[in-house]
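> Hey, dropping my_file_13.cif in here, mmCIF, C-alpha atoms:
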data_coords
loop_
_atom_site.label_atom_id
_atom_site.label_comp_id
_atom_site.auth_asym_id
_atom_site.auth_seq_id
_atom_site.Cartn_x
_atom_site.Cartn_y
_atom_site.Cartn_z
CA MET A 1122 69.00 -12.55 -47.73
CA THR A 1123 68.81 -11.04 -44.28
CA ILE A 1124 71.41 -8.83 -42.66
CA SER A 1125 71.41 -7.97 -38.98
CA PRO A 1126 70.06 -4.49 -38.20
CA GLU A 1127 73.29 -3.71 -36.33
CA LEU A 1128 75.50 -4.57 -39.30
CA LEU A 1129 73.28 -2.72 -41.75
CA SER A 1130 73.32 0.36 -39.51
CA ARG A 1131 77.11 0.19 -39.19
CA ALA A 1132 77.55 0.08 -42.98
CA ILE A 1133 75.15 2.98 -43.56
CA ASP A 1134 76.03 5.10 -40.51
CA PRO A 1135 79.64 4.19 -39.64
CA PRO A 1136 81.65 5.72 -36.78
CA ARG A 1137 83.01 9.25 -37.13
CA LEU A 1138 86.53 10.49 -36.61
CA PHE A 1139 85.52 13.75 -34.91
CA SER A 1140 82.85 15.01 -32.54
CA PRO A 1141 80.44 17.56 -34.08
CA VAL A 1142 81.04 21.28 -33.60
CA ILE A 1143 77.37 22.16 -34.21
CA PRO A 1144 74.47 19.86 -33.24
CA GLU A 1145 72.35 19.98 -36.40
CA CYS A 1146 71.75 21.71 -39.69
CA LEU A 1147 69.44 21.67 -42.69
CA ILE A 1148 70.83 21.48 -46.23
CA ARG A 1149 69.22 21.86 -49.67
CA SER A 1150 66.39 24.08 -48.45
CA THR A 1151 66.38 25.13 -52.11
CA PRO A 1152 68.43 23.77 -55.02
CA GLU A 1153 70.46 27.01 -55.02
CA GLU A 1154 71.70 26.16 -51.52
CA PHE A 1155 73.53 23.05 -52.77
CA GLN A 1156 75.77 24.04 -55.68
CA VAL A 1157 78.28 21.79 -57.40
CA ASP A 1158 80.85 22.61 -60.07
CA GLU A 1159 82.71 19.80 -61.77
CA ILE A 1160 86.49 20.06 -61.80
CA PRO A 1161 87.43 18.54 -65.18
CA ALA A 1162 90.33 16.16 -65.53
CA TYR A 1163 91.45 18.34 -68.46
CA GLN A 1164 90.35 21.57 -70.13
CA PRO A 1165 88.94 21.41 -73.66
CA THR A 1166 91.31 22.83 -76.25
CA GLY A 1167 88.65 24.62 -78.28
CA LYS A 1168 89.43 22.46 -81.30
CA GLY A 1169 88.17 19.02 -82.27
CA GLU A 1170 85.15 17.11 -83.53
CA HIS A 1171 83.32 17.02 -80.19
CA GLY A 1172 81.33 19.97 -78.89
CA TYR A 1173 81.70 20.58 -75.14
CA LEU A 1174 78.73 22.29 -73.49
CA TRP A 1175 79.26 23.81 -70.05
CA ILE A 1176 75.75 23.38 -68.66
CA GLU A 1177 74.06 24.60 -65.52
CA LYS A 1178 71.05 22.54 -64.52
CA ARG A 1179 68.52 22.94 -61.74
CA GLY A 1180 66.01 20.35 -60.55
CA LEU A 1181 67.07 17.67 -63.05
CA THR A 1182 68.96 14.39 -62.74
CA SER A 1183 71.75 13.71 -65.21
CA PRO A 1184 69.66 11.11 -67.10
CA GLU A 1185 66.90 13.72 -67.44
CA LEU A 1186 69.43 16.22 -68.80
CA ILE A 1187 70.72 13.68 -71.31
CA HIS A 1188 67.16 12.86 -72.39
CA ARG A 1189 66.51 16.53 -73.14
CA ILE A 1190 69.73 16.78 -75.14
CA ILE A 1191 68.69 13.76 -77.18
CA LYS A 1192 65.14 15.07 -77.69
CA ASN A 1193 65.84 18.76 -78.31
CA LEU A 1194 69.02 18.51 -80.37
CA GLY A 1195 68.49 15.14 -82.04
CA VAL A 1196 71.78 13.75 -80.74
CA PRO A 1197 72.02 9.93 -80.84
CA ALA A 1198 72.05 8.62 -77.26
CA LYS A 1199 75.41 6.86 -77.65
CA GLU A 1200 77.03 10.14 -78.74
CA VAL A 1201 76.32 12.02 -75.49
CA GLY A 1202 79.23 12.01 -73.04
CA VAL A 1203 79.42 13.04 -69.38
CA ALA A 1204 82.24 12.68 -66.88
CA GLY A 1205 80.06 12.24 -63.80
CA GLN A 1206 76.49 12.10 -62.54
CA LYS A 1207 74.79 15.01 -60.78
CA ASP A 1208 71.68 14.82 -58.65
CA ARG A 1209 68.36 16.58 -58.96
CA HIS A 1210 67.90 18.76 -55.89
CA ALA A 1211 70.84 21.07 -56.58
CA VAL A 1212 72.26 23.61 -58.98
CA THR A 1213 75.10 21.89 -60.79
CA ARG A 1214 77.50 22.83 -63.56
CA GLN A 1215 79.24 20.29 -65.75
CA PHE A 1216 80.57 19.61 -69.22
CA VAL A 1217 78.53 17.48 -71.61
CA SER A 1218 80.03 16.41 -74.94
CA ILE A 1219 78.10 15.92 -78.17
CA PRO A 1220 79.19 15.76 -81.82
CA LYS A 1221 80.24 19.24 -82.90
CA ARG A 1222 77.64 19.43 -85.66
CA PHE A 1223 74.89 19.48 -83.01
CA ALA A 1224 76.59 22.00 -80.73
CA GLU A 1225 75.69 25.03 -82.87
CA HIS A 1226 72.05 24.49 -81.84
CA ALA A 1227 72.84 24.23 -78.12
CA ALA A 1228 70.70 27.28 -77.29
CA LYS A 1229 67.61 25.11 -77.92
CA LEU A 1230 68.28 23.50 -74.55
CA ASN A 1231 67.81 26.70 -72.56
CA ASP A 1232 64.74 26.76 -70.32
CA GLU A 1233 63.92 27.23 -66.63
CA ASN A 1234 65.97 24.14 -65.68
CA ILE A 1235 68.88 24.27 -68.13
CA LYS A 1236 71.32 26.99 -69.13
CA VAL A 1237 74.11 26.45 -71.65
CA LEU A 1238 76.74 28.80 -70.24
CA PHE A 1239 79.25 28.39 -73.06
CA VAL A 1240 80.23 26.05 -75.88
CA THR A 1241 83.73 24.93 -76.83
CA ALA A 1242 85.30 21.87 -78.45
CA HIS A 1243 87.77 19.06 -77.86
CA GLN A 1244 89.23 16.14 -79.77
CA ASN A 1245 87.63 13.37 -77.73
CA LYS A 1246 84.24 12.47 -76.30
CA LEU A 1247 83.75 12.85 -72.55
CA LYS A 1248 83.66 9.54 -70.69
CA THR A 1249 82.87 8.54 -67.13
CA GLY A 1250 85.92 9.26 -64.99
CA HIS A 1251 87.17 12.25 -67.01
CA LEU A 1252 86.78 14.17 -63.77
CA ARG A 1253 89.25 15.37 -61.15
CA GLY A 1254 86.62 16.23 -58.58
CA ASN A 1255 83.83 18.58 -57.60
CA LYS A 1256 83.69 21.96 -55.88
CA PHE A 1257 80.82 22.38 -53.44
CA CYS A 1258 79.15 25.51 -52.10
CA LEU A 1259 76.64 24.56 -49.41
CA ILE A 1260 74.34 26.64 -47.25
CA LEU A 1261 73.82 25.19 -43.77
CA ARG A 1262 70.73 26.44 -41.97
CA SER A 1263 69.84 26.10 -38.31
CA PRO A 1264 66.49 24.30 -37.81
CA SER A 1265 66.05 26.21 -34.56
CA GLY A 1266 66.81 29.75 -35.74
CA VAL A 1267 70.12 31.24 -36.85
CA PHE A 1268 73.77 30.38 -36.45
CA THR A 1269 76.23 32.67 -34.71
CA ALA A 1270 79.60 33.96 -35.79
CA ALA A 1271 81.12 31.51 -33.30
CA ASP A 1272 79.28 28.63 -35.00
CA ALA A 1273 80.61 29.69 -38.39
CA GLN A 1274 84.15 29.98 -37.03
CA ALA A 1275 83.87 26.50 -35.50
CA VAL A 1276 82.78 25.07 -38.86
CA HIS A 1277 85.62 26.90 -40.62
CA ASP A 1278 88.17 25.60 -38.10
CA ARG A 1279 86.92 22.03 -38.45
CA LEU A 1280 87.15 22.25 -42.24
CA GLN A 1281 90.76 23.34 -41.85
CA THR A 1282 91.39 20.34 -39.61
CA LEU A 1283 89.80 17.99 -42.12
CA ALA A 1284 91.91 19.48 -44.91
CA THR A 1285 95.02 18.64 -42.90
CA GLU A 1286 94.10 15.37 -41.23
CA GLY A 1287 91.62 13.98 -43.75
CA ILE A 1288 88.21 12.37 -43.55
CA ALA A 1289 87.23 8.71 -43.48
CA ASN A 1290 86.28 8.31 -47.14
CA TYR A 1291 82.99 6.52 -46.52
CA PHE A 1292 80.26 6.15 -49.09
CA GLY A 1293 77.26 8.31 -48.21
CA THR A 1294 73.95 6.90 -47.04
CA GLN A 1295 72.29 7.57 -50.42
CA ARG A 1296 74.51 4.86 -51.90
CA PHE A 1297 72.51 2.24 -50.00
CA GLY A 1298 68.93 3.24 -50.77
CA HIS A 1299 66.03 4.02 -48.46
CA HIS A 1300 66.62 2.13 -45.18
CA GLY A 1301 69.45 0.23 -46.92
CA ASN A 1302 67.16 -1.61 -49.35
CA THR A 1303 69.64 -1.28 -52.22
CA LEU A 1304 72.36 -3.00 -50.16
CA VAL A 1305 69.93 -5.73 -49.03
CA ASP A 1306 68.88 -6.40 -52.65
CA GLY A 1307 72.54 -6.66 -53.68
CA LEU A 1308 73.28 -9.23 -50.98
CA SER A 1309 70.24 -11.24 -52.07
CA LEU A 1310 71.33 -11.08 -55.72
CA LEU A 1311 74.81 -12.36 -54.89
CA LYS A 1312 73.42 -15.26 -52.87
CA GLY A 1313 70.84 -16.16 -55.54
CA THR A 1314 67.76 -15.45 -53.42
CA LEU A 1315 66.44 -12.41 -55.31
CA PRO A 1316 63.38 -13.23 -57.47
CA ASN A 1317 64.02 -13.09 -61.20
CA ASP A 1318 61.13 -10.68 -61.69
CA HIS A 1319 62.24 -8.30 -58.91
CA TRP A 1320 62.76 -5.51 -61.49
CA PRO A 1321 61.22 -4.78 -64.89
CA GLU A 1322 63.17 -6.58 -67.59
CA ASN A 1323 64.33 -3.34 -69.24
CA LYS A 1324 65.88 -2.14 -65.96
CA THR A 1325 67.45 -5.38 -64.76
CA ARG A 1326 71.04 -4.72 -65.86
CA THR A 1327 71.04 -1.14 -64.51
CA MET A 1328 69.59 -2.25 -61.19
CA ARG A 1329 72.01 -5.16 -60.89
CA ARG A 1330 74.92 -2.78 -61.33
CA LEU A 1331 73.42 -0.43 -58.73
CA VAL A 1332 72.75 -3.03 -56.04
CA LEU A 1333 76.05 -4.85 -56.52
CA SER A 1334 77.89 -1.53 -56.21
CA ALA A 1335 76.01 -0.98 -52.94
CA VAL A 1336 77.38 -4.29 -51.63
CA GLN A 1337 80.93 -3.33 -52.59
CA SER A 1338 80.41 0.06 -50.93
CA GLY A 1339 79.00 -1.57 -47.80
CA ILE A 1340 82.03 -3.83 -47.46
CA PHE A 1341 84.32 -0.84 -47.94
CA ASN A 1342 82.47 1.16 -45.26
CA LEU A 1343 82.65 -1.74 -42.81
CA VAL A 1344 86.40 -2.10 -43.35
CA VAL A 1345 86.98 1.63 -42.88
CA ALA A 1346 84.75 1.59 -39.78
CA GLN A 1347 86.91 -1.17 -38.30
CA ARG A 1348 90.06 0.84 -38.93
CA VAL A 1349 88.46 3.89 -37.30
CA ASP A 1350 87.55 1.82 -34.24
CA ASP A 1351 91.05 0.30 -34.12
CA GLY A 1352 92.71 3.71 -34.42
CA THR A 1353 94.67 2.51 -37.48
CA LEU A 1354 92.91 4.42 -40.27
CA ARG A 1355 95.90 6.71 -40.77
CA THR A 1356 98.46 3.95 -40.15
CA PRO A 1357 99.36 1.95 -43.27
CA LEU A 1358 99.97 -1.64 -42.18
CA PRO A 1359 102.47 -4.09 -43.71
CA GLY A 1360 100.83 -6.29 -46.31
CA GLU A 1361 97.88 -4.02 -46.98
CA VAL A 1362 97.10 -2.35 -50.26
CA VAL A 1363 97.93 1.35 -50.37
CA ILE A 1364 97.83 4.24 -52.83
CA ARG A 1365 100.12 7.27 -52.81
CA ARG A 1366 98.34 10.43 -51.69
CA GLN A 1367 98.64 12.07 -55.10
CA GLY A 1368 98.46 8.78 -56.99
CA THR A 1369 95.91 6.29 -58.27
CA LYS A 1370 97.75 2.96 -58.59
CA PRO A 1371 97.31 0.48 -55.70
CA TYR A 1372 100.22 -1.66 -54.50
CA ILE A 1373 101.00 -3.88 -51.51
CA LEU A 1374 103.01 -2.10 -48.82
CA PRO A 1375 106.26 -3.97 -48.12
CA VAL A 1376 107.15 -4.84 -44.53
CA ASP A 1377 109.68 -2.02 -44.32
CA GLY A 1378 108.15 0.16 -47.00
CA PRO A 1379 107.90 3.95 -46.56
CA THR A 1380 104.53 5.11 -45.21
CA GLU A 1381 104.87 8.86 -45.74
CA ASN A 1382 102.22 10.20 -48.14
CA VAL A 1383 100.74 6.71 -48.43
CA ILE A 1384 97.00 6.10 -47.96
CA PRO A 1385 95.44 2.72 -46.98
CA ALA A 1386 93.12 1.51 -49.74
CA GLY A 1387 89.97 -0.39 -48.80
CA PRO A 1388 88.33 -3.20 -50.76
CA MET A 1389 85.62 -2.95 -53.40
CA PRO A 1390 85.60 -6.71 -54.02
CA GLY A 1391 85.78 -8.36 -57.41
CA PRO A 1392 88.07 -10.70 -59.35
CA GLU A 1393 90.41 -7.90 -60.49
CA MET A 1394 90.88 -6.34 -57.05
CA LEU A 1395 94.42 -6.48 -55.64
CA LEU A 1396 94.33 -8.61 -52.47
CA ALA A 1397 96.03 -7.63 -49.23
CA THR A 1398 98.15 -10.14 -47.32
CA GLY A 1399 98.49 -11.32 -43.73
CA ALA A 1400 96.38 -9.86 -40.94
CA VAL A 1401 94.86 -7.17 -43.18
CA ASP A 1402 93.60 -9.78 -45.63
CA ASP A 1403 92.18 -11.81 -42.72
CA MET A 1404 90.30 -8.77 -41.41
CA GLU A 1405 88.81 -7.94 -44.81
CA ARG A 1406 87.71 -11.54 -45.33
CA ASP A 1407 86.17 -11.67 -41.84
CA ILE A 1408 84.07 -8.62 -42.67
CA MET A 1409 82.90 -10.22 -45.89
CA SER A 1410 82.09 -13.38 -43.93
CA SER A 1411 79.94 -11.33 -41.55
CA LEU A 1412 77.77 -10.64 -44.62
CA ARG A 1413 77.93 -14.36 -45.54
CA LEU A 1414 80.02 -13.51 -48.58
CA SER A 1415 83.34 -14.64 -49.99
CA PRO A 1416 85.42 -13.33 -52.92
CA LYS A 1417 84.06 -16.07 -55.20
CA ASP A 1418 80.52 -14.68 -54.85
CA PHE A 1419 81.54 -11.73 -57.05
CA GLN A 1420 82.82 -13.89 -59.91
CA LYS A 1421 79.35 -14.58 -61.35
CA TYR A 1422 78.87 -10.86 -61.99
CA SER A 1423 82.49 -10.06 -62.81
CA ARG A 1424 81.52 -7.63 -65.60
CA LEU A 1425 79.57 -5.55 -63.10
CA THR A 1426 81.91 -6.04 -60.14
CA SER A 1427 85.43 -6.22 -61.55
CA GLY A 1428 86.84 -4.97 -58.23
CA ILE A 1429 88.98 -1.98 -57.31
CA ARG A 1430 90.68 -0.37 -54.32
CA ARG A 1431 89.53 3.00 -52.93
CA LYS A 1432 91.46 5.36 -50.68
CA MET A 1433 90.26 5.14 -47.09
CA ILE A 1434 91.18 8.80 -46.45
CA GLU A 1435 90.55 11.90 -48.54
CA PHE A 1436 91.47 15.52 -47.92
CA PRO A 1437 89.09 18.41 -48.68
CA GLU A 1438 90.76 21.35 -50.43
CA GLU A 1439 89.92 25.06 -50.66
CA ALA A 1440 87.90 24.56 -47.48
CA GLU A 1441 86.37 27.52 -45.67
CA ALA A 1442 83.16 28.73 -44.05
CA HIS A 1443 81.57 32.03 -43.09
CA LEU A 1444 78.33 33.41 -41.66
CA THR A 1445 75.83 34.78 -44.18
CA ASP A 1446 73.77 37.93 -43.67
CA ASP A 1447 70.68 35.87 -42.81
CA GLY A 1448 72.35 33.72 -40.14
CA ALA A 1449 73.23 30.66 -42.22
CA ILE A 1450 76.70 29.18 -42.72
CA GLN A 1451 78.16 29.00 -46.20
CA ALA A 1452 80.67 26.18 -46.49
CA THR A 1453 82.83 25.66 -49.58
CA PHE A 1454 85.30 22.89 -50.34
CA SER A 1455 86.61 20.75 -53.18
CA LEU A 1456 86.69 16.96 -53.15
CA SER A 1457 88.21 14.29 -55.32
CA SER A 1458 85.83 12.46 -57.63
CA GLY A 1459 83.84 9.87 -55.72
CA THR A 1460 84.04 11.57 -52.31
CA TYR A 1461 80.77 12.63 -50.68
CA ALA A 1462 80.05 16.15 -49.46
CA THR A 1463 77.65 14.76 -46.85
CA VAL A 1464 80.44 12.60 -45.47
CA VAL A 1465 82.44 15.77 -44.89
CA LEU A 1466 79.45 17.27 -43.09
CA ARG A 1467 79.21 14.22 -40.82
CA GLU A 1468 82.56 15.22 -39.33
CA ILE A 1469 81.23 18.71 -38.57
CA VAL A 1470 77.52 18.43 -37.73
CA GLY A 1471 75.75 16.07 -35.34
CA GLU A 1472 72.64 15.60 -37.51
CA VAL A 1473 72.33 16.71 -41.12
CA LYS A 1474 68.75 17.04 -42.31
CA ASP A 1475 68.70 16.85 -46.11
CA SER A 1476 65.63 18.40 -47.75
CA GLY A 1477 66.58 16.72 -51.02
CA THR A 1478 66.45 13.29 -49.40
CA LEU A 1479 63.12 14.13 -47.75
CA TYR A 1480 61.65 15.08 -51.13
CA GLU A 1481 62.87 11.80 -52.64
CA GLN A 1482 61.34 9.75 -49.85
CA THR A 1483 57.93 11.42 -50.33
CA GLY A 1484 58.02 10.85 -54.07
CA THR A 1485 58.40 14.49 -55.14
CA SER A 1486 61.94 14.15 -56.44
CA ALA A 1487 63.81 11.72 -58.63
CA ASP A 1488 66.33 9.36 -57.14
CA ASN A 1489 69.64 10.87 -56.17
CA ASP A 1490 72.07 9.97 -58.92
CA GLY A 1491 75.20 11.25 -57.37
CA ASP A 1492 76.04 14.95 -57.30
CA ASP A 1493 77.14 14.48 -53.71
CA GLU A 1494 80.22 12.59 -54.83
#
As structure tokens, please, write out the structure in this file.

Amino acid sequence: MTISPELLSRAIDPPRLFSPVIPECLIRSTPEEFQVDEIPAYQPTGKGEHGYLWIEKRGLTSPELIHRIIKNLGVPAKEVGVAGQKDRHAVTRQFVSIPKRFAEHAAKLNDENIKVLFVTAHQNKLKTGHLRGNKFCLILRSPSGVFTAADAQAVHDRLQTLATEGIANYFGTQRFGHHGNTLVDGLSLLKGTLPNDHWPENKTRTMRRLVLSAVQSGIFNLVVAQRVDDGTLRTPLPGEVVIRRQGTKPYILPVDGPTENVIPAGPMPGPEMLLATGAVDDMERDIMSSLRLSPKDFQKYSRLTSGIRRKMIEFPEEAEAHLTDDGAIQATFSLSSGTYATVVLREIVGEVKDSGTLYEQTGTSADNDGDDE
């Protein structure tokens, strides 16, 4: 299936809310300059049948980390639990759960890429989604020299603005693959034009999930982009689906319903997704139609695309920035699970050059599996 270059570009590089305060920066010059700490949904109690390993990894994807746990500790694959994925070109810290009987040998994992920082226990296995968010510590470097104290102050001030006013909660470009190929494959799969042998048989289910998620994400980005253009991103509209700022449950906003602390929730289509009504529903369907899709196209793959709503706005927390001794800017902030650090940077910097992405495109790094969100 073909998609117009303009529409593809709009999904991958949607409009911003703010003008940049610095023209460009380079991130991930080294893995140590992109650090991520998971913020668990709960703290382990120290008691229970599941060992919780707080692991720091460098230069590994999460699947590579899990493979080493399976190989070095002999843990059955189905017994390894993680709350979220973390990408390769970074230093990341996260909990991994394994049966407690294997945890006493956790030191076997330690090497130049993995450090087990401490071991504790809990009564349940970690599962995807057992995650409140991620805390980021990023080093921004100037491609043309060094940043000034004024640059660092401008970045700090913008972060404070974003913490108050929020960001458009777009999916980052890495969600869509190199030049958007993941999104294009997903559209082709939904319309039945993707060859059956497009992927190796042992990877078909994983790739289907990936490309279909890219389509859902593309639709979401296009809806949010429309709201940004209309100036209604922060204005909950009657009949649309919303989520309370501190909540998770979507509901339809009544005509005279209160809008304070209520966030518009964009579509990730699927048969279980709560539908908007009226003009909002018309707009969302029009955007799907622009991709030659309708809600029924997602029914065939309902197990992979059940459908959810996602907040259109998110608010960085603990946000600050300062100038380092060598003329870089250190930016720190915390984000809810699923929100992209690079999307925050888009509202600060004109052009973000990502060394991690460059390595992936030249074949010297594994695919990004998500530490940016």
> Determine, counting only C-alpha atoms, which protein, DNA and RNA residues have an atom within 8 Å of an atom of A:Leu1395; residues of the same chain fewer than 4 positions away are not included. Present the result as a list in words.
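Counting only C-alpha atoms, the residues come to Val1362, Pro1371, Tyr1372, Ile1429 and Arg1430 of chain A.
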> Provide the atom CA of A:Val1142 to atom CA of A:Thr1445 distance in Å, to one decimal place.
17.9 Å
> Using all atoms listed in the file, collect all residues at a distance of at most 10 Å from (82.6, 22.4, -54.7) as written in the file, then present them as JSON, numbers by chain.
{"A": [1155, 1156, 1157, 1158, 1159, 1160, 1213, 1254, 1255, 1256, 1257, 1258, 1259, 1437, 1438, 1439, 1440, 1452, 1453, 1454, 1455, 1456, 1457, 1462, 1493]}
> I would like the residues chosen by the PyMOL selection byres ((chain A and resi 1417-1419) around 8) on the shown file; could you give them as a VMD selection string?
chain A and resid 1311 to 1312 1390 to 1392 1414 to 1416 1420 to 1423 1426
> With only C-alpha atoms as the atoms that count, which of A:Asp1272, A:Glu1361, A:Asp1306, A:Asp1350 lies nearest to A:Ser1334?
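When distances to A:Ser1334 are compared using only C-alpha atoms, the smallest one comes from A:Asp1306.
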> How far is it from atom CA of A:Gln1206 to atom CA of A:Tyr1163, in Å with one decimal?
17.3 Å
> Please evaluate the PyMOL selection byres ((chain A and resi 1203) around 9) against the structure above and give the resulting residues as a PyMOL selection string.
chain A and resi 1183+1187+1201-1202+1204-1206+1215-1218+1246-1251
> Within 12 Å of (104.3, -3.8, -48.8), all atoms listed in the file: residues as a list in words?
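Protein and nucleic acid residues near the point are Pro1357, Leu1358, Pro1359, Gly1360, Glu1361, Val1362, Val1363, Ile1364, Pro1371, Tyr1372, Ile1373, Leu1374, Pro1375, Val1376, Asp1377, Gly1378, Pro1379, Thr1380, Val1383, Pro1385, Leu1396, Ala1397, Thr1398, Gly1399 and Val1401 of chain A.
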> For stretch 1280-1295 of chain A, please output as a VMD selection string all residues within 7 Å (counting all atoms listed in the file; exclusion window: fewer than 3 positions along the same chain).
chain A and resid 1133 1276 to 1277 1298 1338 1342 1432 to 1438 1440 to 1441 1460 to 1461 1463 to 1465
> With C-alpha atoms retained, export the selected residues as an mmCIF file, in the coordinates of the input.

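Output saved as result_2.cif:
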data_model
loop_
_atom_site.group_PDB
_atom_site.id
_atom_site.type_symbol
_atom_site.label_atom_id
_atom_site.label_comp_id
_atom_site.auth_asym_id
_atom_site.auth_seq_id
_atom_site.Cartn_x
_atom_site.Cartn_y
_atom_site.Cartn_z
ATOM 1 C CA ILE A 1133 75.150 2.980 -43.560
ATOM 2 C CA VAL A 1276 82.780 25.070 -38.860
ATOM 3 C CA HIS A 1277 85.620 26.900 -40.620
ATOM 4 C CA GLY A 1298 68.930 3.240 -50.770
ATOM 5 C CA SER A 1338 80.410 0.060 -50.930
ATOM 6 C CA ASN A 1342 82.470 1.160 -45.260
ATOM 7 C CA LYS A 1432 91.460 5.360 -50.680
ATOM 8 C CA MET A 1433 90.260 5.140 -47.090
ATOM 9 C CA ILE A 1434 91.180 8.800 -46.450
ATOM 10 C CA GLU A 1435 90.550 11.900 -48.540
ATOM 11 C CA PHE A 1436 91.470 15.520 -47.920
ATOM 12 C CA PRO A 1437 89.090 18.410 -48.680
ATOM 13 C CA GLU A 1438 90.760 21.350 -50.430
ATOM 14 C CA ALA A 1440 87.900 24.560 -47.480
ATOM 15 C CA GLU A 1441 86.370 27.520 -45.670
ATOM 16 C CA THR A 1460 84.040 11.570 -52.310
ATOM 17 C CA TYR A 1461 80.770 12.630 -50.680
ATOM 18 C CA THR A 1463 77.650 14.760 -46.850
ATOM 19 C CA VAL A 1464 80.440 12.600 -45.470
ATOM 20 C CA VAL A 1465 82.440 15.770 -44.890
#
> To verify the selection step, state as a list of chain:residue names which residues the PyMOL selection byres ((chain A and resi 1271) around 12) yields on this input.
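Here the PyMOL selection byres ((chain A and resi 1271) around 12) matches A:Val1142, A:Ile1143, A:Val1267, A:Phe1268, A:Thr1269, A:Ala1270, A:Asp1272, A:Ala1273, A:Gln1274, A:Ala1275, A:Val1276, A:His1277, A:Asp1278, A:Ala1442, A:His1443, A:Leu1444, A:Gly1448, A:Ala1449, A:Ile1450.
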